[in-house]
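*Asks:* Pasting a structure here, questions to come.
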Amino acid sequence: MKNLLITLITIFCFNLVNAQHFSFEYGKVSKADIDLTQYEKDKSAEAVVIYDKGSSYFVQNNSGYNLIFERSKRFKILKEAGIEYAEIEIPFYREGNIFEKIYDLEACTYNFENGQLTPTPLNADSWNDEIYNDYWMIRKVAMPNVKEGSIIEFRYKISSQYLFNLRDWEFQSRIPTIYSEYKAAMIPFYEYIYLAQRTGNSLETESYTDKRYTHEFAGTKYNDVINKFSMKDIPAFNSEDYITSINDYIIKIDFQLATINYPDGRVEEIMTTWPELKKEYENHSDFGKYINKCEKAASKIIDLDLLADKTANEKFEYVINFVKNNYSWNEHNGKYASKSTKDILKDQYGNAADINLLATGLLRAAGINTTPVLISTRTNGKVSNNYPFNHYFNYVILMANIDGKNILSDATDVDVAYDRIPSRCINDQGLLVTPDENVKWIGLQCKFPSTLAYDFEIDITKKTSNVKVKSFSSEYMAFRLKDIIGKDQEKLKEYLENENYKIENAVFAEVSNKNKEVRYEYQLTMSPEQIADKTYINPFLDKAIEDNPLNQPSRSYPIDMIYPTKRILTSTIIIPEGFELDHKPVDYKINNNLFGLDYSVEQKENRIKVVLMTDFKESVYEADDYAKIKFYFNEIVKRGNEKIVLKKI
């Protein structure tokens, strides 16, 4: 009886709510929280969010308002693999050296052991701030004493002077959520619109006037209007390969400042139109006017007389490659130049806008009709052309008209061809910033197939096999390799290192001067698998896909492969004396408008030739095609890993 009393007192001291329901109040852990060992709606879940609650409201200051965002969240680690979710990330906005302020941050890890709930509070120095991009920082918080079964909760506030930045709210994450709620307290001076993404009929909304408090500003009395959004039992977002950004498909609501109503009766429409938005960029000192300055300074940067006798395409190639080779990208995205024209020419490095707006100005000076294109990178999410929101964009590329053909380019990446854009920029569509009022979009999809080919010659011996390998890649497959290894022989060897094989004589082959191709060759030795009097050979070594990257029963969002891809694996196996082919796999073929597969095995004298050709003909497949694409991958895995069996005569 005494031990029972001690246990009850301990539970009471830590605000344990003895109830059959989950607690959605910070600091009050319920019995249901502790008893939760498996989430019944998703028994595979490694962790589960018990509640996630946020609110935004306005607080008066000396000159107007600050926007306050509060958040509190509790989740539980159900399996050891779920410990990875114990690092908390808090994004906060900045412009230059003016930052949003994070305050009242507190967090705690609870572990229920030996009948007691033991809290471990967060230490004051257990976080660090990291730069995410030009406008966002992330505070990363490492929670203490986390293990399987831990309950973690945290809360914080953010004070922002950026009133356009009313916090969006994500109901969904990579783990399931039992309850999610967001409240936005609106005042009459600022009007926002919100866009709900993939909420379906599960989103509950409520709007009411908070009559408990009456505020006054500039002679106007008002009450906050509370807009409440909530959802229950939200499944985890099961992310697979071939997706642009989780932001495109996760269940969330986005807010955008639409109108400012001033106390003196003036009304400022922030919700603009696409023509007005374009005009703002055209007249902006760090965009349109920056391009004009670069164009005027062009004669001091490049030899325009040298370009006089060149064709339009030669001029285009020369200018883009000149910028790539003389100005370095600092790996920061950007839709506005971060430096003056003078500074970019002096420093010779800058963000994406610095580089590409400079290239735009130089191309115009060279007589090339060039237009800047606002885009959103793949990790930033897609742009919806239904709503003229400036925050959709985070990057700028350029489009040049060469002999009547529009060509997209980006001067930030030296490894990508002058008439291509980096794969990070291939994301649906971009907005052309033209001086006229016509709104023009251009598709960013890649129609050029990228090829990766391997040619193996396997000479079988009893103990070891000598293998000669030739590799060819083109387009984006080649750009990726150039980014990793360039033309460095040592980096090539490091790239090819494999614990199962001994790599020898790795060299770049003699290649043409085309910048869309990479060729190299090497040799390796391996030990074939031998069982009794049979030898088992994997004809494509480790270059065939071993597992299907699509593993969900179904999918409600597209399969985005970025670009069409062809893979050609060819293997010639030399049958040693005293052996014969024991098992010949069956030839197999698929060919339709979505995909092609051609698998064949042919023997001529003492040589066996195995070929596997796969061709994904589209860069993006609709969700309705998911079952088909999943099936195709299964066939690739099956054929690519089928072994050739030799038997001793």
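Here's how to read the names in the structure tokens: chain A, B, ... by the order shown, residue numbers from 1 in each chain, ligand numbers from 1 in the order shown.
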Mind dumping a table of every range 213-289 of chain A residue within 10 Å of range 556-579 of chain A, with the nearest atom pair and its distance in Å to one decimal, using only C-alpha atoms, sorted by chain and rising number, as a Markdown table?
*Replies:*
```
| residue | atom | partner | partner_atom | distance |
| --- | --- | --- | --- | --- |
| A:Glu240 | CA | A:Ile559 | CA | 9.2 |
| A:Asp241 | CA | A:Ile559 | CA | 8.1 |
| A:Tyr242 | CA | A:Asp560 | CA | 4.7 |
| A:Ile243 | CA | A:Asp560 | CA | 5.3 |
| A:Thr244 | CA | A:Asp560 | CA | 6.5 |
| A:Asp248 | CA | A:Tyr557 | CA | 9.0 |
| A:Tyr249 | CA | A:Tyr557 | CA | 7.0 |
```
*Asks:* Take the residues from that selection and put them in a file with N, CA, C and O atoms, as a tab-separated table (two decimals), in the first residue's frame.
*Replies:*
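Okay, this is what ended up in result08.tsv:
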```tsv
chain	number	residue	atom	x	y	z
A	240	GLU	N	8.23	8.41	-51.07
A	240	GLU	CA	9.04	7.45	-51.81
A	240	GLU	C	10.02	8.22	-52.70
A	240	GLU	O	10.10	9.44	-52.66
A	241	ASP	N	10.72	7.47	-53.52
A	241	ASP	CA	11.54	8.09	-54.55
A	241	ASP	C	10.63	8.75	-55.59
A	241	ASP	O	9.42	8.50	-55.64
A	242	TYR	N	11.23	9.57	-56.43
A	242	TYR	CA	10.55	10.20	-57.55
A	242	TYR	C	9.43	11.12	-57.10
A	242	TYR	O	8.26	10.96	-57.47
A	243	ILE	N	9.79	12.07	-56.28
A	243	ILE	CA	8.87	13.09	-55.82
A	243	ILE	C	9.59	14.42	-55.87
A	243	ILE	O	10.82	14.49	-55.65
A	244	THR	N	8.88	15.49	-56.18
A	244	THR	CA	9.52	16.81	-56.22
A	244	THR	C	9.83	17.27	-54.81
A	244	THR	O	10.96	17.27	-54.37
A	248	ASP	N	4.67	19.89	-51.90
A	248	ASP	CA	3.66	19.85	-52.96
A	248	ASP	C	2.48	18.95	-52.62
A	248	ASP	O	1.41	19.09	-53.21
A	249	TYR	N	2.66	18.02	-51.70
A	249	TYR	CA	1.64	16.99	-51.51
A	249	TYR	C	1.20	16.80	-50.06
A	249	TYR	O	0.22	16.10	-49.80
```
*Asks:* Just the residues within 9 Å of range 300-305 of chain A, please, counting only C-alpha atoms, with nothing from its chain fewer than 4 positions along; format it as a count of residues only.
*Replies:* 8
*Asks:* Which residue out of A:Lys643, A:Arg167, A:Lys278, A:Lys638 has the minimum interatomic distance to Trp441 in chain A when only C-alpha atoms are used?
*Replies:*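 Between A:Lys643, A:Arg167, A:Lys278, A:Lys638, the residue approaching Trp441 in chain A most closely is A:Lys278.
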*Asks:* Neighbours of Tyr588 in chain A within 9 Å (only C-alpha atoms; same-chain residues fewer than 3 positions away dropped), as JSON, numbers by chain?
*Replies:* {"A": [597, 598, 599, 600, 639]}
*Asks:* Restricted to all heavy atoms, what would the selected residues look like written as a CSV table (one decimal), in the first residue's frame?
*Replies:*
```csv
chain,number,residue,atom,x,y,z
A,597,LEU,N,11.1,-2.2,-72.3
A,597,LEU,CA,12.1,-3.1,-71.7
A,597,LEU,C,12.4,-4.2,-72.7
A,597,LEU,O,11.5,-4.8,-73.3
A,597,LEU,CB,11.6,-3.8,-70.4
A,597,LEU,CG,12.5,-4.7,-69.6
A,597,LEU,CD1,12.1,-4.7,-68.1
A,597,LEU,CD2,12.4,-6.1,-70.1
A,598,ASP,N,13.7,-4.5,-72.9
A,598,ASP,CA,14.1,-5.5,-73.8
A,598,ASP,C,15.3,-6.3,-73.1
A,598,ASP,O,16.4,-5.8,-72.9
A,598,ASP,CB,14.6,-4.9,-75.1
A,598,ASP,CG,14.7,-5.9,-76.2
A,598,ASP,OD1,14.8,-7.1,-75.9
A,598,ASP,OD2,14.7,-5.5,-77.4
A,599,TYR,N,14.9,-7.6,-72.8
A,599,TYR,CA,15.9,-8.4,-72.1
A,599,TYR,C,16.1,-9.7,-73.0
A,599,TYR,O,15.2,-10.3,-73.4
A,599,TYR,CB,15.3,-8.9,-70.8
A,599,TYR,CG,16.2,-9.9,-70.0
A,599,TYR,CD1,17.4,-9.5,-69.4
A,599,TYR,CD2,15.8,-11.2,-69.9
A,599,TYR,CE1,18.2,-10.4,-68.7
A,599,TYR,CE2,16.6,-12.1,-69.2
A,599,TYR,CZ,17.8,-11.7,-68.6
A,599,TYR,OH,18.6,-12.6,-67.9
A,600,SER,N,17.4,-9.9,-73.3
A,600,SER,CA,17.7,-11.1,-74.2
A,600,SER,C,19.0,-11.7,-73.7
A,600,SER,O,19.9,-11.1,-73.2
A,600,SER,CB,17.8,-10.6,-75.6
A,600,SER,OG,18.9,-9.7,-75.7
A,639,ARG,N,14.6,-9.2,-64.0
A,639,ARG,CA,15.5,-9.5,-65.1
A,639,ARG,C,17.0,-9.1,-64.8
A,639,ARG,O,17.9,-9.8,-65.2
A,639,ARG,CB,15.0,-8.8,-66.4
A,639,ARG,CG,13.5,-9.0,-66.7
A,639,ARG,CD,13.1,-10.4,-66.9
A,639,ARG,NE,11.7,-10.5,-66.8
A,639,ARG,CZ,11.0,-11.6,-67.0
A,639,ARG,NH1,11.6,-12.7,-67.3
A,639,ARG,NH2,9.7,-11.6,-66.9
```
*Asks:* Extract, using only C-alpha atoms, all DNA, RNA and protein residues at most 9 Å from range 153-156 of chain A, discarding same-chain residues fewer than 4 positions from it, and format them as an NGL selection string.
*Replies:* :A and (26-27 or 69-76 or 88 or 102-110)
*Asks:* Calculated over only C-alpha atoms, which of the candidates A:Glu269, A:Val518, A:Glu80, A:Leu492 has the smallest distance to Ser473 in chain A?
*Replies:*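 Nearest candidate to Ser473 in chain A out of A:Glu269, A:Val518, A:Glu80, A:Leu492: A:Val518.
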*Asks:* I need the residues of range 176-359 of chain A that end up classed as helix (DSSP H, G or I) by DSSP on the backbone, written out as a ChimeraX atom specification.
*Replies:* /A:246-248,274-283,288-296,298-301,304-307,312-326,341-347,352-359
*Asks:* Ranking A:Leu122, A:Lys252, A:His21, A:Ile90 by minimum distance to Arg139 in chain A and counting only C-alpha atoms, which one comes first?
*Replies:* A:Ile90
*Asks:* Considering only C-alpha atoms, can you say which of A:Met137, A:Val225, A:Ile246, A:Ala308 comes closest to Gly96 in chain A?
*Replies:*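 Smallest separation from Gly96 in chain A among the options: A:Met137.
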*Asks:* Name all residues at most 6 Å from range 184-196 of chain A (count only C-alpha atoms; drop same-chain ones fewer than 5 positions away) and give them as a PyMOL selection string.
*Replies:* chain A and resi 55-57+224-227+253-261
*Asks:* Would you mind reading off the distance between CA of Met231 in chain A and CA of Gln172 in chain A, one decimal, in Å?
*Replies:*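 These atoms are spaced 9.5 Å apart.
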*Asks:* Do a neighbour search on Asn145 in chain A at 8 Å with only C-alpha atoms, toss out local chain neighbours closer than 2 positions, and write the hits as a PDB file with N, CA and C atoms, in the first residue's frame.
*Replies:*
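Heads up, here's the output in selection.pdb:
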```pdb
ATOM      1  N   THR A 109      11.862  15.694 -22.202  1.00  0.00           N
ATOM      2  CA  THR A 109      11.723  14.280 -22.539  1.00  0.00           C
ATOM      3  C   THR A 109      11.217  13.546 -21.301  1.00  0.00           C
ATOM      4  N   THR A 120      13.202  14.880 -18.246  1.00  0.00           N
ATOM      5  CA  THR A 120      14.544  15.410 -18.476  1.00  0.00           C
ATOM      6  C   THR A 120      14.398  16.690 -19.286  1.00  0.00           C
ATOM      7  N   MET A 143      17.087  16.827 -28.384  1.00  0.00           N
ATOM      8  CA  MET A 143      16.426  16.474 -27.128  1.00  0.00           C
ATOM      9  C   MET A 143      17.278  15.496 -26.324  1.00  0.00           C
ATOM     10  N   LYS A 147      14.899   7.645 -25.907  1.00  0.00           N
ATOM     11  CA  LYS A 147      14.979   6.210 -26.137  1.00  0.00           C
ATOM     12  C   LYS A 147      13.612   5.720 -26.600  1.00  0.00           C
TER      13      LYS A 147
END
```
*Asks:* Would you please work out which residue, of A:Ser150, A:Gln523, A:Thr118, A:Ser450, is nearest to Glu46 in chain A when using only C-alpha atoms?
*Replies:*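 Distance minimum relative to Glu46 in chain A lands on A:Ser150.
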*Asks:* Pick out the residues sitting within 12 Å of Lys482 in chain A, and hand them over as a PDB file with C-alpha atoms, in the first residue's frame; count only C-alpha atoms, and ignore anything fewer than 3 positions along from it in its own chain.
*Replies:*
```
ATOM      1  CA  ASP A 413      26.509  25.203 -62.674  1.00  0.00           C
ATOM      2  CA  VAL A 414      29.693  24.629 -64.635  1.00  0.00           C
ATOM      3  CA  ASP A 415      28.977  20.891 -64.963  1.00  0.00           C
ATOM      4  CA  VAL A 416      25.684  21.394 -66.810  1.00  0.00           C
ATOM      5  CA  ALA A 417      25.629  22.140 -70.544  1.00  0.00           C
ATOM      6  CA  SER A 473      26.477   8.448 -69.806  1.00  0.00           C
ATOM      7  CA  SER A 474      24.754  11.353 -71.485  1.00  0.00           C
ATOM      8  CA  GLU A 475      22.726  14.430 -70.593  1.00  0.00           C
ATOM      9  CA  TYR A 476      21.744  14.625 -66.910  1.00  0.00           C
ATOM     10  CA  MET A 477      23.363  11.295 -66.106  1.00  0.00           C
ATOM     11  CA  ALA A 478      26.604  12.790 -67.400  1.00  0.00           C
ATOM     12  CA  PHE A 479      26.090  16.100 -65.597  1.00  0.00           C
ATOM     13  CA  ILE A 485      34.182  13.223 -60.294  1.00  0.00           C
ATOM     14  CA  GLY A 486      34.890  15.866 -62.942  1.00  0.00           C
ATOM     15  CA  LYS A 487      37.894  14.543 -64.850  1.00  0.00           C
ATOM     16  CA  ASP A 488      39.911  13.610 -61.778  1.00  0.00           C
ATOM     17  CA  GLN A 489      41.312  10.064 -62.050  1.00  0.00           C
ATOM     18  CA  LYS A 491      37.986  10.781 -57.742  1.00  0.00           C
ATOM     19  CA  LEU A 492      36.983   8.287 -60.418  1.00  0.00           C
ATOM     20  CA  TYR A 495      33.661   6.695 -57.008  1.00  0.00           C
ATOM     21  CA  PHE A 508      38.665   8.214 -68.582  1.00  0.00           C
ATOM     22  CA  ASN A 515      29.931  18.442 -72.950  1.00  0.00           C
ATOM     23  CA  LYS A 516      26.858  16.218 -72.612  1.00  0.00           C
ATOM     24  CA  GLU A 517      28.786  12.931 -72.414  1.00  0.00           C
ATOM     25  CA  VAL A 518      31.086  11.152 -69.984  1.00  0.00           C
ATOM     26  CA  ARG A 519      32.973   7.944 -70.816  1.00  0.00           C
ATOM     27  CA  TYR A 520      35.316   5.916 -68.663  1.00  0.00           C
TER      28      TYR A 520
END
```
*Asks:* Which value, in Å to one decimal, gives the distance between CA of Tyr39 in chain A and CA of Pro176 in chain A?
*Replies:*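 Computing the Euclidean distance for CA of Tyr39 in chain A and CA of Pro176 in chain A yields 8.5 Å.
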*Asks:* I need the residue nearest Ser239 in chain A from this list: A:Asn634, A:Glu181, A:Glu100, A:Ile175. Use only C-alpha atoms for the distance.
*Replies:*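 Among the listed residues, the smallest separation from Ser239 in chain A belongs to A:Ile175.
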*Asks:* Mind giving me the straight-line distance from CA of Ile608 in chain A to CA of Phe631 in chain A in Å, one decimal?
*Replies:*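 Spanning CA of Ile608 in chain A to CA of Phe631 in chain A is a straight-line distance of 27.6 Å.
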